[in-house]
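entry02.txt (compact mmCIF, C-alpha atoms)
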# COMPACT_ATOMS: atom_id res chain seq x y z
CA GLY A 1 -4.14 -56.38 17.99
CA ARG A 2 -4.87 -52.66 18.24
CA VAL A 3 -1.86 -50.31 18.52
CA THR A 4 -2.26 -47.72 21.30
CA GLY A 5 1.13 -45.98 21.14
CA LEU A 6 4.47 -45.63 19.34
CA ALA A 7 7.87 -44.43 20.59
CA LEU A 8 11.42 -44.23 19.28
CA GLY A 9 14.25 -44.85 21.71
CA GLY A 10 16.11 -47.47 23.61
CA PRO A 11 19.52 -48.82 22.67
CA GLY A 12 20.12 -47.99 19.00
CA PRO A 13 17.31 -47.32 16.52
CA THR A 14 14.50 -49.08 18.38
CA LEU A 15 10.75 -48.73 17.79
CA SER A 16 8.52 -49.48 20.78
CA VAL A 17 4.90 -50.39 20.04
CA ALA A 18 2.26 -50.38 22.78
CA GLY A 19 -0.72 -52.64 22.30
CA GLU A 20 -3.87 -53.65 24.10
CA GLU A 21 -3.80 -54.86 27.71
CA GLY A 22 -0.51 -53.02 28.39
CA SER A 23 1.70 -55.07 26.08
CA VAL A 24 4.88 -53.42 24.63
CA ASP A 25 6.89 -54.82 21.72
CA GLN A 26 10.33 -53.54 20.70
CA HIS A 27 11.66 -53.74 17.15
CA ASP A 28 15.30 -53.24 16.14
CA LEU A 29 15.07 -50.95 13.09
CA ALA A 30 18.69 -51.61 12.15
CA MET A 31 17.69 -55.14 11.14
CA LEU A 32 15.14 -53.97 8.54
CA PRO A 33 16.71 -54.15 5.04
CA ASP A 34 14.49 -51.40 3.59
CA LEU A 35 15.74 -48.87 6.13
CA GLN A 36 19.38 -49.73 5.43
CA LYS A 37 18.96 -48.44 1.85
CA ARG A 38 17.79 -44.98 2.90
CA PRO A 39 20.18 -42.01 2.32
CA PRO A 40 21.63 -40.27 5.37
CA PRO A 41 19.51 -37.42 6.77
CA ALA A 42 20.29 -33.91 5.51
CA VAL A 43 21.80 -31.42 7.91
CA VAL A 44 20.12 -27.99 7.72
CA ASP A 45 21.82 -24.82 8.92
CA LEU A 46 18.86 -23.01 10.47
CA GLU A 47 20.77 -19.73 10.72
CA ARG A 48 21.65 -19.44 7.04
CA GLN A 49 19.27 -21.68 5.13
CA PRO A 50 16.79 -19.52 3.14
CA ALA A 51 13.11 -20.35 3.15
CA PRO A 52 12.03 -22.52 0.18
CA GLN A 53 9.50 -19.87 -0.83
CA VAL A 54 8.57 -16.31 0.12
CA PRO A 55 4.82 -16.00 0.74
CA ASP A 56 3.12 -12.87 -0.53
CA LEU A 57 0.32 -10.81 1.08
CA GLN A 58 0.87 -12.35 4.51
CA PRO A 59 0.01 -10.43 7.71
CA ALA A 60 3.24 -9.30 9.37
CA ALA A 61 2.00 -7.12 12.25
CA LEU A 62 -1.12 -5.46 13.64
CA ALA A 63 -1.73 -1.84 14.63
CA GLU A 64 -4.83 0.23 15.42
CA PRO A 65 -7.55 1.02 12.85
CA HIS A 66 -7.02 4.47 11.35
CA LEU A 67 -8.11 6.92 8.65
CA ALA A 68 -4.69 7.87 7.26
CA CYS A 69 -1.01 7.14 7.83
CA VAL A 70 2.53 8.00 6.77
CA ILE A 71 5.46 5.54 6.73
CA ASP A 72 9.15 6.40 6.98
CA PRO A 73 11.18 3.24 6.21
CA GLU A 74 14.53 5.03 6.47
CA GLY A 75 13.90 6.18 10.02
CA GLY A 76 11.76 3.21 11.06
CA HIS A 77 8.60 5.24 11.78
CA ALA A 78 4.90 4.92 11.06
CA ILE A 79 2.36 7.54 12.18
CA LEU A 80 -1.32 6.62 12.14
CA PHE A 81 -4.17 9.14 12.40
CA THR A 82 -7.36 7.83 14.03
CA ARG A 83 -11.03 8.79 14.20
CA CYS A 84 -10.54 10.05 17.74
CA ARG A 85 -8.07 12.70 16.44
CA MET A 86 -4.99 11.00 17.81
CA ALA A 87 -1.60 10.46 16.15
CA LEU A 88 -0.21 7.02 17.01
CA HIS A 89 3.54 6.65 16.57
CA TYR A 90 4.75 3.11 15.78
CA SER A 91 8.08 1.54 14.97
CA TYR A 92 8.29 0.23 11.41
CA PRO A 93 8.11 -2.55 10.35
CA GLU A 94 7.62 -4.15 13.80
CA MET A 95 4.59 -1.88 14.44
CA ARG A 96 5.27 -1.50 18.15
CA LEU A 97 3.44 1.46 19.68
CA ARG A 98 5.84 4.18 20.87
CA SER A 99 3.47 7.02 21.76
CA ALA A 100 -0.05 8.39 21.37
CA THR A 101 -0.30 12.16 20.80
CA TRP A 102 -3.31 14.44 20.54
CA CYS A 103 -3.67 15.76 17.00
CA GLY A 104 -6.95 17.66 17.24
CA HIS A 105 -7.95 17.09 13.60
CA LEU A 106 -9.75 14.40 11.61
CA VAL A 107 -6.99 13.53 9.14
CA VAL A 108 -8.14 11.56 6.07
CA ARG A 109 -5.07 11.89 3.78
CA ALA A 110 -1.45 12.49 4.71
CA VAL A 111 1.99 12.93 3.10
CA LEU A 112 5.29 12.99 5.02
CA ASP A 113 7.86 15.76 4.49
CA ARG A 114 10.70 13.99 6.30
CA LYS A 115 13.32 16.64 5.51
CA ASN A 116 11.44 19.31 7.47
CA GLY A 117 9.77 17.00 10.00
CA ARG A 118 6.23 17.77 8.79
CA VAL A 119 3.11 15.93 7.71
CA PHE A 120 0.82 17.59 5.19
CA ALA A 121 -2.68 16.42 5.98
CA ALA A 122 -6.12 16.75 4.41
CA THR A 123 -8.68 17.22 7.19
CA VAL A 124 -12.43 17.00 7.54
CA GLY A 125 -14.60 19.26 9.66
CA PRO A 126 -17.27 17.27 11.57
CA ARG A 127 -19.96 19.79 10.59
CA SER A 128 -19.21 19.24 6.90
CA LEU A 129 -20.25 15.58 7.04
CA PRO A 130 -23.59 14.52 5.49
CA PRO A 131 -26.24 13.46 8.03
CA ARG A 132 -26.05 9.89 9.36
CA THR A 133 -22.93 9.00 7.39
CA GLN A 134 -20.17 6.68 8.59
CA GLU A 135 -17.74 7.66 5.82
CA VAL A 136 -15.83 10.69 7.11
CA ARG A 137 -13.98 11.09 3.80
CA LEU A 138 -17.16 12.59 2.33
CA GLY A 139 -16.58 15.75 4.36
CA HIS A 140 -14.27 18.66 3.60
CA GLY A 141 -11.87 20.90 5.46
CA PRO A 142 -8.53 22.72 5.29
CA LEU A 143 -5.13 21.36 4.39
CA ILE A 144 -2.83 21.57 7.41
CA SER A 145 0.84 21.10 8.28
CA LEU A 146 1.62 19.03 11.41
CA ASP A 147 4.97 19.29 13.21
CA VAL A 148 6.13 15.68 13.77
CA GLN A 149 9.83 16.39 14.27
CA GLY A 150 9.54 15.49 17.95
CA LEU A 151 8.02 12.11 17.13
CA LEU A 152 10.74 11.34 14.59
CA GLU A 153 13.40 12.21 17.18
CA GLY A 154 11.88 9.92 19.80
CA ARG A 155 10.21 12.58 21.96
CA ARG A 156 6.61 12.43 23.17
CA PRO A 157 4.96 15.83 22.74
CA ALA A 158 1.60 16.36 24.43
CA ARG A 159 0.11 17.72 21.22
CA LEU A 160 1.11 18.08 17.58
CA GLU A 161 1.40 21.71 16.52
CA ALA A 162 -0.82 22.35 13.48
CA ARG A 163 -0.71 25.16 10.93
CA GLU A 164 -3.64 25.76 8.62
CA LEU A 165 -2.60 26.20 4.98
CA PRO A 166 -4.26 28.37 2.31
CA LEU A 167 -6.03 25.42 0.67
CA ALA A 168 -9.38 23.93 1.63
CA GLY A 169 -11.74 21.43 0.03
CA ARG A 170 -12.57 17.73 -0.12
CA PHE A 171 -9.16 16.32 -0.94
CA THR A 172 -9.43 12.78 -2.29
CA ALA A 173 -5.73 12.38 -3.11
CA LEU A 174 -2.38 13.91 -2.14
CA ALA A 175 0.97 13.51 -3.90
CA SER A 176 4.38 15.07 -3.27
CA SER A 177 7.02 15.99 -5.86
CA GLY A 178 9.99 17.56 -4.10
CA LYS A 179 9.20 21.26 -3.87
CA TRP A 180 5.51 20.79 -4.61
CA LEU A 181 2.52 19.17 -2.98
CA PHE A 182 -0.47 18.33 -5.17
CA ALA A 183 -4.00 17.87 -3.85
CA LEU A 184 -7.05 16.70 -5.80
CA ASP A 185 -10.03 18.78 -4.63
CA SER A 186 -13.34 17.01 -5.38
CA LYS A 187 -15.65 19.25 -3.35
CA ASP A 188 -17.33 20.30 -6.60
CA GLN A 189 -17.89 16.90 -8.17
CA LEU A 190 -18.66 18.44 -11.56
CA LYS A 191 -15.47 20.50 -11.60
CA PRO A 192 -12.72 18.77 -9.60
CA VAL A 193 -9.39 20.54 -9.65
CA ILE A 194 -5.76 19.76 -8.81
CA ARG A 195 -4.28 22.37 -6.47
CA ARG A 196 -0.55 22.94 -5.99
CA LEU A 197 1.22 24.05 -2.80
CA ASP A 198 4.77 25.40 -2.52
CA VAL A 199 6.07 23.37 0.45
CA GLU A 200 8.86 25.88 1.20
CA LYS A 201 6.72 29.03 1.25
CA LEU A 202 3.52 27.17 2.27
CA GLU A 203 1.61 29.13 -0.34
CA ALA A 204 -0.90 28.13 -3.01
CA ALA A 205 0.88 27.94 -6.37
CA GLY A 206 -1.71 27.49 -9.09
CA SER A 207 -3.50 24.60 -10.81
CA PRO A 208 -2.91 22.82 -14.13
CA ASP A 209 -5.38 23.48 -16.94
CA LEU A 210 -6.53 19.97 -17.89
CA PRO A 211 -8.64 18.95 -20.92
CA PHE A 212 -10.81 16.75 -18.68
CA PRO A 213 -12.04 16.69 -15.06
CA PRO A 214 -9.43 14.75 -13.04
CA ALA A 215 -10.51 11.74 -10.99
CA SER A 216 -7.06 10.69 -9.70
CA LEU A 217 -3.45 11.82 -9.60
CA ALA A 218 0.00 10.29 -9.08
CA VAL A 219 3.65 11.30 -9.21
CA SER A 220 6.37 9.34 -11.01
CA PRO A 221 8.82 7.42 -8.78
CA ASP A 222 11.57 10.01 -9.37
CA GLY A 223 9.18 12.93 -8.75
CA SER A 224 9.87 14.51 -12.14
CA LYS A 225 6.35 14.11 -13.59
CA LEU A 226 2.78 14.54 -12.39
CA TYR A 227 0.02 12.40 -13.89
CA ALA A 228 -3.73 12.95 -13.81
CA ALA A 229 -6.46 10.67 -15.14
CA GLY A 230 -10.16 11.15 -15.77
CA GLN A 231 -13.04 10.85 -18.19
CA ALA A 232 -12.68 13.17 -21.20
CA ARG A 233 -16.00 12.25 -22.83
CA PRO A 234 -18.60 9.51 -22.28
CA ASN A 235 -16.81 6.15 -22.38
CA GLU A 236 -13.47 7.80 -23.12
CA GLY A 237 -10.76 7.92 -20.49
CA GLN A 238 -7.59 9.96 -20.71
CA VAL A 239 -4.36 10.48 -18.77
CA ALA A 240 -2.23 13.62 -18.85
CA ARG A 241 1.48 13.99 -18.09
CA ILE A 242 2.24 17.34 -16.44
CA ASP A 243 5.44 19.21 -15.63
CA PRO A 244 5.26 19.81 -11.84
CA ALA A 245 7.25 23.08 -12.06
CA THR A 246 5.41 24.80 -14.93
CA LEU A 247 2.03 22.96 -14.66
CA LYS A 248 2.17 22.56 -18.44
CA VAL A 249 0.43 19.50 -19.89
CA GLU A 250 3.17 17.78 -21.87
CA ARG A 251 1.14 14.93 -23.31
CA SER A 252 -2.27 13.30 -23.02
CA ALA A 253 -3.27 9.83 -24.16
CA ALA A 254 -6.37 7.65 -24.36
CA THR A 255 -6.59 4.91 -21.75
CA GLY A 256 -9.87 3.05 -22.14
CA SER A 257 -10.46 3.48 -18.38
CA TRP A 258 -12.13 6.37 -16.57
CA GLY A 259 -9.22 6.89 -14.21
CA THR A 260 -10.78 6.30 -10.80
CA SER A 261 -7.44 4.75 -9.79
CA LEU A 262 -3.97 5.73 -10.99
CA ALA A 263 -0.43 4.56 -10.24
CA VAL A 264 2.95 5.01 -11.93
CA SER A 265 5.93 2.66 -11.99
CA ALA A 266 9.26 3.06 -13.75
CA ARG A 267 7.81 1.27 -16.79
CA HIS A 268 4.06 1.78 -16.78
CA VAL A 269 1.26 4.24 -16.15
CA LEU A 270 -1.59 2.18 -14.65
CA VAL A 271 -5.11 3.60 -15.07
CA GLY A 272 -8.10 1.81 -13.58
CA GLY A 273 -11.87 2.22 -13.75
CA LEU A 274 -14.84 1.53 -15.98
CA GLY A 275 -14.25 1.43 -19.71
CA GLU A 276 -13.91 -1.04 -22.54
CA GLY A 277 -15.12 -4.44 -21.41
CA GLY A 278 -16.22 -3.18 -17.97
CA ASP A 279 -13.99 -2.49 -15.00
CA GLY A 280 -10.28 -2.94 -15.61
CA VAL A 281 -6.75 -1.55 -15.59
CA ALA A 282 -4.99 -0.08 -18.65
CA PHE A 283 -1.19 -0.23 -19.06
CA LEU A 284 0.52 2.70 -20.79
CA ASP A 285 4.23 2.80 -21.65
CA ALA A 286 5.78 5.38 -19.30
CA THR A 287 9.16 5.16 -21.05
CA LYS A 288 7.90 6.69 -24.32
CA ASP A 289 6.85 10.28 -24.89
CA GLU A 290 3.51 9.44 -26.53
CA MET A 291 2.55 6.95 -23.76
CA PRO A 292 1.09 4.25 -26.05
CA ARG A 293 -1.34 1.80 -24.51
CA LEU A 294 0.16 -1.67 -24.19
CA ALA A 295 -2.71 -3.70 -22.75
CA ARG A 296 -5.90 -3.54 -20.71
CA TRP A 297 -6.96 -6.14 -18.17
CA SER A 298 -10.75 -6.31 -17.97
CA GLY A 299 -12.95 -8.00 -15.42
CA MET A 300 -11.92 -6.56 -12.05
CA SER A 301 -13.44 -3.83 -9.88
CA GLN A 302 -10.80 -1.88 -8.00
CA SER A 303 -10.48 1.13 -5.73
CA LYS A 304 -6.67 1.19 -5.75
CA VAL A 305 -3.81 -0.28 -7.79
CA TRP A 306 -0.10 -0.11 -7.09
CA PRO A 307 3.05 -1.73 -8.53
CA ALA A 308 5.75 -3.23 -6.29
CA GLY A 309 8.41 -5.88 -6.76
CA GLY A 310 7.43 -6.74 -10.33
CA LYS A 311 3.78 -7.31 -9.39
CA LEU A 312 0.58 -5.33 -9.67
CA TYR A 313 -1.56 -5.26 -6.53
CA VAL A 314 -5.27 -4.58 -6.90
CA VAL A 315 -7.62 -3.61 -4.04
CA HIS A 316 -11.06 -4.77 -5.14
CA ARG A 317 -13.86 -2.43 -4.13
CA LEU A 318 -16.90 -4.74 -4.09
CA GLY A 319 -17.87 -6.80 -1.04
CA ALA A 320 -15.29 -7.68 1.59
CA LEU A 321 -11.71 -6.50 1.25
CA ARG A 322 -9.78 -8.47 -1.34
CA ILE A 323 -6.25 -7.72 -2.54
CA THR A 324 -4.87 -9.66 -5.49
CA ALA A 325 -1.29 -9.76 -6.78
CA TYR A 326 -0.70 -10.22 -10.52
CA PRO A 327 2.59 -10.44 -12.42
CA GLU A 328 3.11 -6.97 -13.93
CA GLY A 329 5.53 -8.09 -16.62
CA SER A 330 7.27 -6.00 -19.27
CA PRO A 331 5.49 -5.93 -21.60
CA PRO A 332 2.35 -6.85 -19.62
CA ALA A 333 0.16 -9.77 -20.62
CA GLU A 334 -2.60 -8.95 -23.09
CA LYS A 335 -5.30 -10.38 -20.81
CA LEU A 336 -5.79 -10.65 -17.07
CA PRO A 337 -3.25 -13.30 -15.95
CA GLU A 338 -3.61 -15.84 -13.20
CA ALA A 339 -3.36 -14.36 -9.72
CA LYS A 340 -0.12 -14.93 -7.82
CA ALA A 341 -1.55 -14.30 -4.35
CA VAL A 342 -4.83 -13.23 -2.75
CA TYR A 343 -5.58 -11.65 0.63
CA SER A 344 -9.13 -11.43 2.00
CA GLY A 345 -9.80 -9.14 4.94
CA HIS A 346 -12.52 -7.42 6.91
CA LEU A 347 -15.61 -5.86 5.39
CA GLY A 348 -15.35 -2.09 5.34
CA THR A 349 -11.58 -1.84 4.90
CA LYS A 350 -11.38 0.02 1.61
CA ASP A 351 -7.89 1.43 1.47
CA ALA A 352 -4.24 0.51 1.81
CA GLU A 353 -1.11 2.64 2.12
CA VAL A 354 1.98 1.18 0.47
CA SER A 355 5.30 1.81 2.22
CA PRO A 356 7.80 3.84 0.14
CA ASP A 357 10.22 0.89 0.15
CA GLY A 358 7.55 -1.31 -1.45
CA ARG A 359 7.88 -4.00 1.22
CA HIS A 360 4.56 -3.60 3.04
CA ALA A 361 0.99 -2.39 2.71
CA LEU A 362 -0.79 -0.98 5.77
CA LEU A 363 -4.55 -1.47 5.70
CA CYS A 364 -6.97 0.91 7.40
CA ASP A 365 -7.97 -1.83 9.85
CA GLY A 366 -4.38 -1.83 11.13
CA THR A 367 -3.13 -4.98 9.37
CA LEU A 368 0.40 -4.73 7.97
CA LEU A 369 0.79 -7.03 4.95
CA ARG A 370 4.20 -8.25 3.81
CA LEU A 371 4.71 -7.82 0.06
CA SER A 372 7.06 -10.32 -1.51
CA SER A 373 9.30 -9.74 -4.51
CA GLY A 374 9.74 -13.48 -4.87
CA LYS A 375 13.46 -13.26 -4.08
CA LEU A 376 14.93 -15.71 -1.60
CA GLU A 377 16.62 -13.65 1.07
CA PRO A 378 18.44 -15.39 3.96
CA PRO A 379 16.68 -14.66 7.24
CA LYS A 380 18.40 -13.06 10.19
CA ALA A 381 20.71 -15.26 12.26
CA GLY A 382 18.85 -17.35 14.77
CA TRP A 383 15.54 -17.24 12.88
CA PRO A 384 14.67 -20.82 11.85
CA SER A 385 13.28 -21.58 8.42
CA SER A 386 11.44 -24.53 7.02

Would you write the structure of this file as structure tokens?
Amino acid sequence: GRVTGLALGGPGPTLSVAGEEGSVDQHDLAMLPDLQKRPPPAVVDLERQPAPQVPDLQPAALAEPHLACVIDPEGGHAILFTRCRMALHYSYPEMRLRSATWCGHLVVRAVLDRKNGRVFAATVGPRSLPPRTQEVRLGHGPLISLDVQGLLEGRRPARLEARELPLAGRFTALASSGKWLFALDSKDQLKPVIRRLDVEKLEAAGSPDLPFPPASLAVSPDGSKLYAAGQARPNEGQVARIDPATLKVERSAATGSWGTSLAVSARHVLVGGLGEGGDGVAFLDATKDEMPRLARWSGMSQSKVWPAGGKLYVVHRLGALRITAYPEGSPPAEKLPEAKAVYSGHLGTKDAEVSPDGRHALLCDGTLLRLSSGKLEPPKAGWPSS
């Protein structure tokens, strides 16, 4: 007849089977020869047993949508700057809201100076925005210094004290190198320029003389080198390595990409943009003085690339948000390899801020993504794994 229910129990290993019209049959499983051949069940220590795999690009927490943010892994802080000119202070990586403080500025880019308890921020004046635009990053304004020492010490100030710095423009990128802060000013789209700020004196400190208009900038992981990428001539991309102290261009090299995105790892200089074979990312050897090109992956449109944990993460710029992880490799593969992980998010989220420890990426819609190195790390005691 038709089985309506199953249950394990009774004296010994007994299977109870419920049938039609309320009938119940019991079967002694110990009498079945096939079950007697089975191995004993494994005993799993849920406090120490590592997970069988570490998923990549998985949502780990959720915060508020924002325009810019800074993350301090050492102190466990994340500060998010919103459209309503607030500074939201979260714990990191739990992303629990600690306080909301009036900032008074539309902050679109930010860099943390943890030593002095400051945030250097690129701001936008509302009157500088084009009519009927929703993209506030198209505006321009002054570079400011925000006092966040109180937030880092656990206090809740009513307002962040701001100091206007002697640099103004449409800053599309900020990068810090110890004593210096570099800002890419794209207010004049025909003549963009990299401006330098002395973070101790808070004074403008010159600009490098580049052989091409820069489209992006990045600092090496140890802060000893500044890199700028752009289009030297039609269909010819270049990257320059610059001494941050002297602003001297030490070396320039052809990339095959226009340099709309730029990132630097310990091994590679990664330059993205249009070029040979369409959109793609070029790999240059950062360990050699002449920076030879090792490979170029064609066939992907990106607004941001970053290396972390032996992988290259690409934020695609067309359609809905899509982040793809590829094995970076050393040397890198000659052609675009198979993706290791993919995250698809909300339409309109175009940017991601990578934590300095390389463990997370915080999207502008507030989603914190966990980045996996692929290593099996035992979870904390009491946290079960499967």

From A:Asp56, A:Asp147, A:Asp25, A:Asp222, residue lying nearest A:Leu369 [all atoms listed in the file]: A:Asp56

Test item: residues at most 6 Å from A:Gly139, all atoms listed in the file, excluding those fewer than 6 positions along its chain, as a PyMOL selection string: chain A and resi 124+128-129

Would you save the residues of that selection, restricted to C-alpha atoms, as a CSV table (one decimal), keeping the file's coordinate frame?
chain,number,residue,atom,x,y,z
A,124,VAL,CA,-12.4,17.0,7.5
A,128,SER,CA,-19.2,19.2,6.9
A,129,LEU,CA,-20.2,15.6,7.0

Residue contacts of stretch 211-220 of chain A (8 Å, all atoms listed in the file) excluding same-chain residues fewer than 2 positions away, as a ChimeraX atom specification: /A:173-177,184,190-194,209,222-232,238,258-266

Contacts of stretch 297-303 of chain A at 8 Å or less, counting all atoms listed in the file, minus same-chain residues fewer than 5 places along, as a PDB file with C-alpha atoms, in the frame of the given file?
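Written file, part.pdb:
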ATOM      1  CA  THR A 260     -10.780   6.300 -10.800  1.00  0.00           C
ATOM      2  CA  SER A 261      -7.440   4.750  -9.790  1.00  0.00           C
ATOM      3  CA  GLY A 272      -8.100   1.810 -13.580  1.00  0.00           C
ATOM      4  CA  GLY A 273     -11.870   2.220 -13.750  1.00  0.00           C
ATOM      5  CA  GLU A 276     -13.910  -1.040 -22.540  1.00  0.00           C
ATOM      6  CA  GLY A 277     -15.120  -4.440 -21.410  1.00  0.00           C
ATOM      7  CA  GLY A 278     -16.220  -3.180 -17.970  1.00  0.00           C
ATOM      8  CA  ASP A 279     -13.990  -2.490 -15.000  1.00  0.00           C
ATOM      9  CA  GLY A 280     -10.280  -2.940 -15.610  1.00  0.00           C
ATOM     10  CA  VAL A 281      -6.750  -1.550 -15.590  1.00  0.00           C
ATOM     11  CA  ALA A 282      -4.990  -0.080 -18.650  1.00  0.00           C
ATOM     12  CA  VAL A 314      -5.270  -4.580  -6.900  1.00  0.00           C
ATOM     13  CA  VAL A 315      -7.620  -3.610  -4.040  1.00  0.00           C
ATOM     14  CA  HIS A 316     -11.060  -4.770  -5.140  1.00  0.00           C
ATOM     15  CA  ARG A 317     -13.860  -2.430  -4.130  1.00  0.00           C
ATOM     16  CA  LEU A 318     -16.900  -4.740  -4.090  1.00  0.00           C
ATOM     17  CA  GLU A 334      -2.600  -8.950 -23.090  1.00  0.00           C
ATOM     18  CA  LYS A 335      -5.300 -10.380 -20.810  1.00  0.00           C
ATOM     19  CA  LEU A 336      -5.790 -10.650 -17.070  1.00  0.00           C
ATOM     20  CA  LYS A 350     -11.380   0.020   1.610  1.00  0.00           C
ATOM     21  CA  ASP A 351      -7.890   1.430   1.470  1.00  0.00           C
TER      22      ASP A 351
END

What does the distance from atom CA of A:Leu362 to atom CA of A:Tyr313 come to in Å, to one decimal? 13.0 Å

So the first atom is atom CA of A:Pro332 and the second is atom CA of A:Ala286; what is the distance between them in Å, to one decimal place?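 Taking atom CA of A:Pro332 as the start and atom CA of A:Ala286 as the end point, the length is 12.7 Å.
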
Among the residues A:Ala183, A:Ile242, A:Leu160, A:Leu57, the one that comes closest to A:Ser344 [using all atoms listed in the file]: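 Closest candidate: A:Leu57.
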
So which residues are close to (-6.9, 15.0, 10.9), meaning at most 9 Å away in the file's coordinates with all atoms listed in the file counted, and can you show them as a VMD selection string? chain A and resid 67 to 68 81 to 83 85 to 87 103 to 110 121 to 125 144

Coordinates of box centre and edge lengths for stretch 228-233 of chain A, 5 Å on every side, axis-aligned, as AutoDock Vina command-line options:
--center_x -9.9 --center_y 11.9 --center_z -18.3 --size_x 22.3 --size_y 12.5 --size_z 19.0

Which polymer residues have any atom within 10 Å of an atom of A:Tyr326, counting only C-alpha atoms, with same-chain residues fewer than 6 positions away left out, as a PyMOL selection string? chain A and resi 307+310-314+336-342

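We find atom CA of A:Ala333 and atom CA of A:Lys304 to be spaced 19.7 Å apart.
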
What lies within 12 Å of stretch 2-10 of chain A using only C-alpha atoms, ignoring chain neighbours under 3 positions off, as a list in words? Pro13, Thr14, Leu15, Ser16, Val17, Ala18, Gly19, Glu20, Glu21, Gly22, Ser23, Val24, Asp25, Gln26, His27, Asp28 and Leu29 of chain A

Nearest residue to A:Leu138 from the set A:Arg155, A:Lys248, A:His66, A:Arg170 (distances using all atoms listed in the file):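 When distances to A:Leu138 are compared using all atoms listed in the file, the smallest one comes from A:Arg170.
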
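Restricting the calculation to all atoms listed in the file, the smallest distance between A:Pro126 and any of A:Leu97, A:Leu167, A:Cys84, A:Val148 is found for A:Cys84.
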
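Using all atoms listed in the file, the smallest distance between any of A:Ile79, A:Thr133, A:His140, A:Arg98 and A:Arg118 comes from A:Ile79.
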
Rank nothing, just name the residue among A:Ala361, A:Leu32, A:Ala254, A:Leu151 nearest to A:Gly76, using all atoms listed in the file.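 Smallest distance to A:Gly76 is found for A:Leu151.
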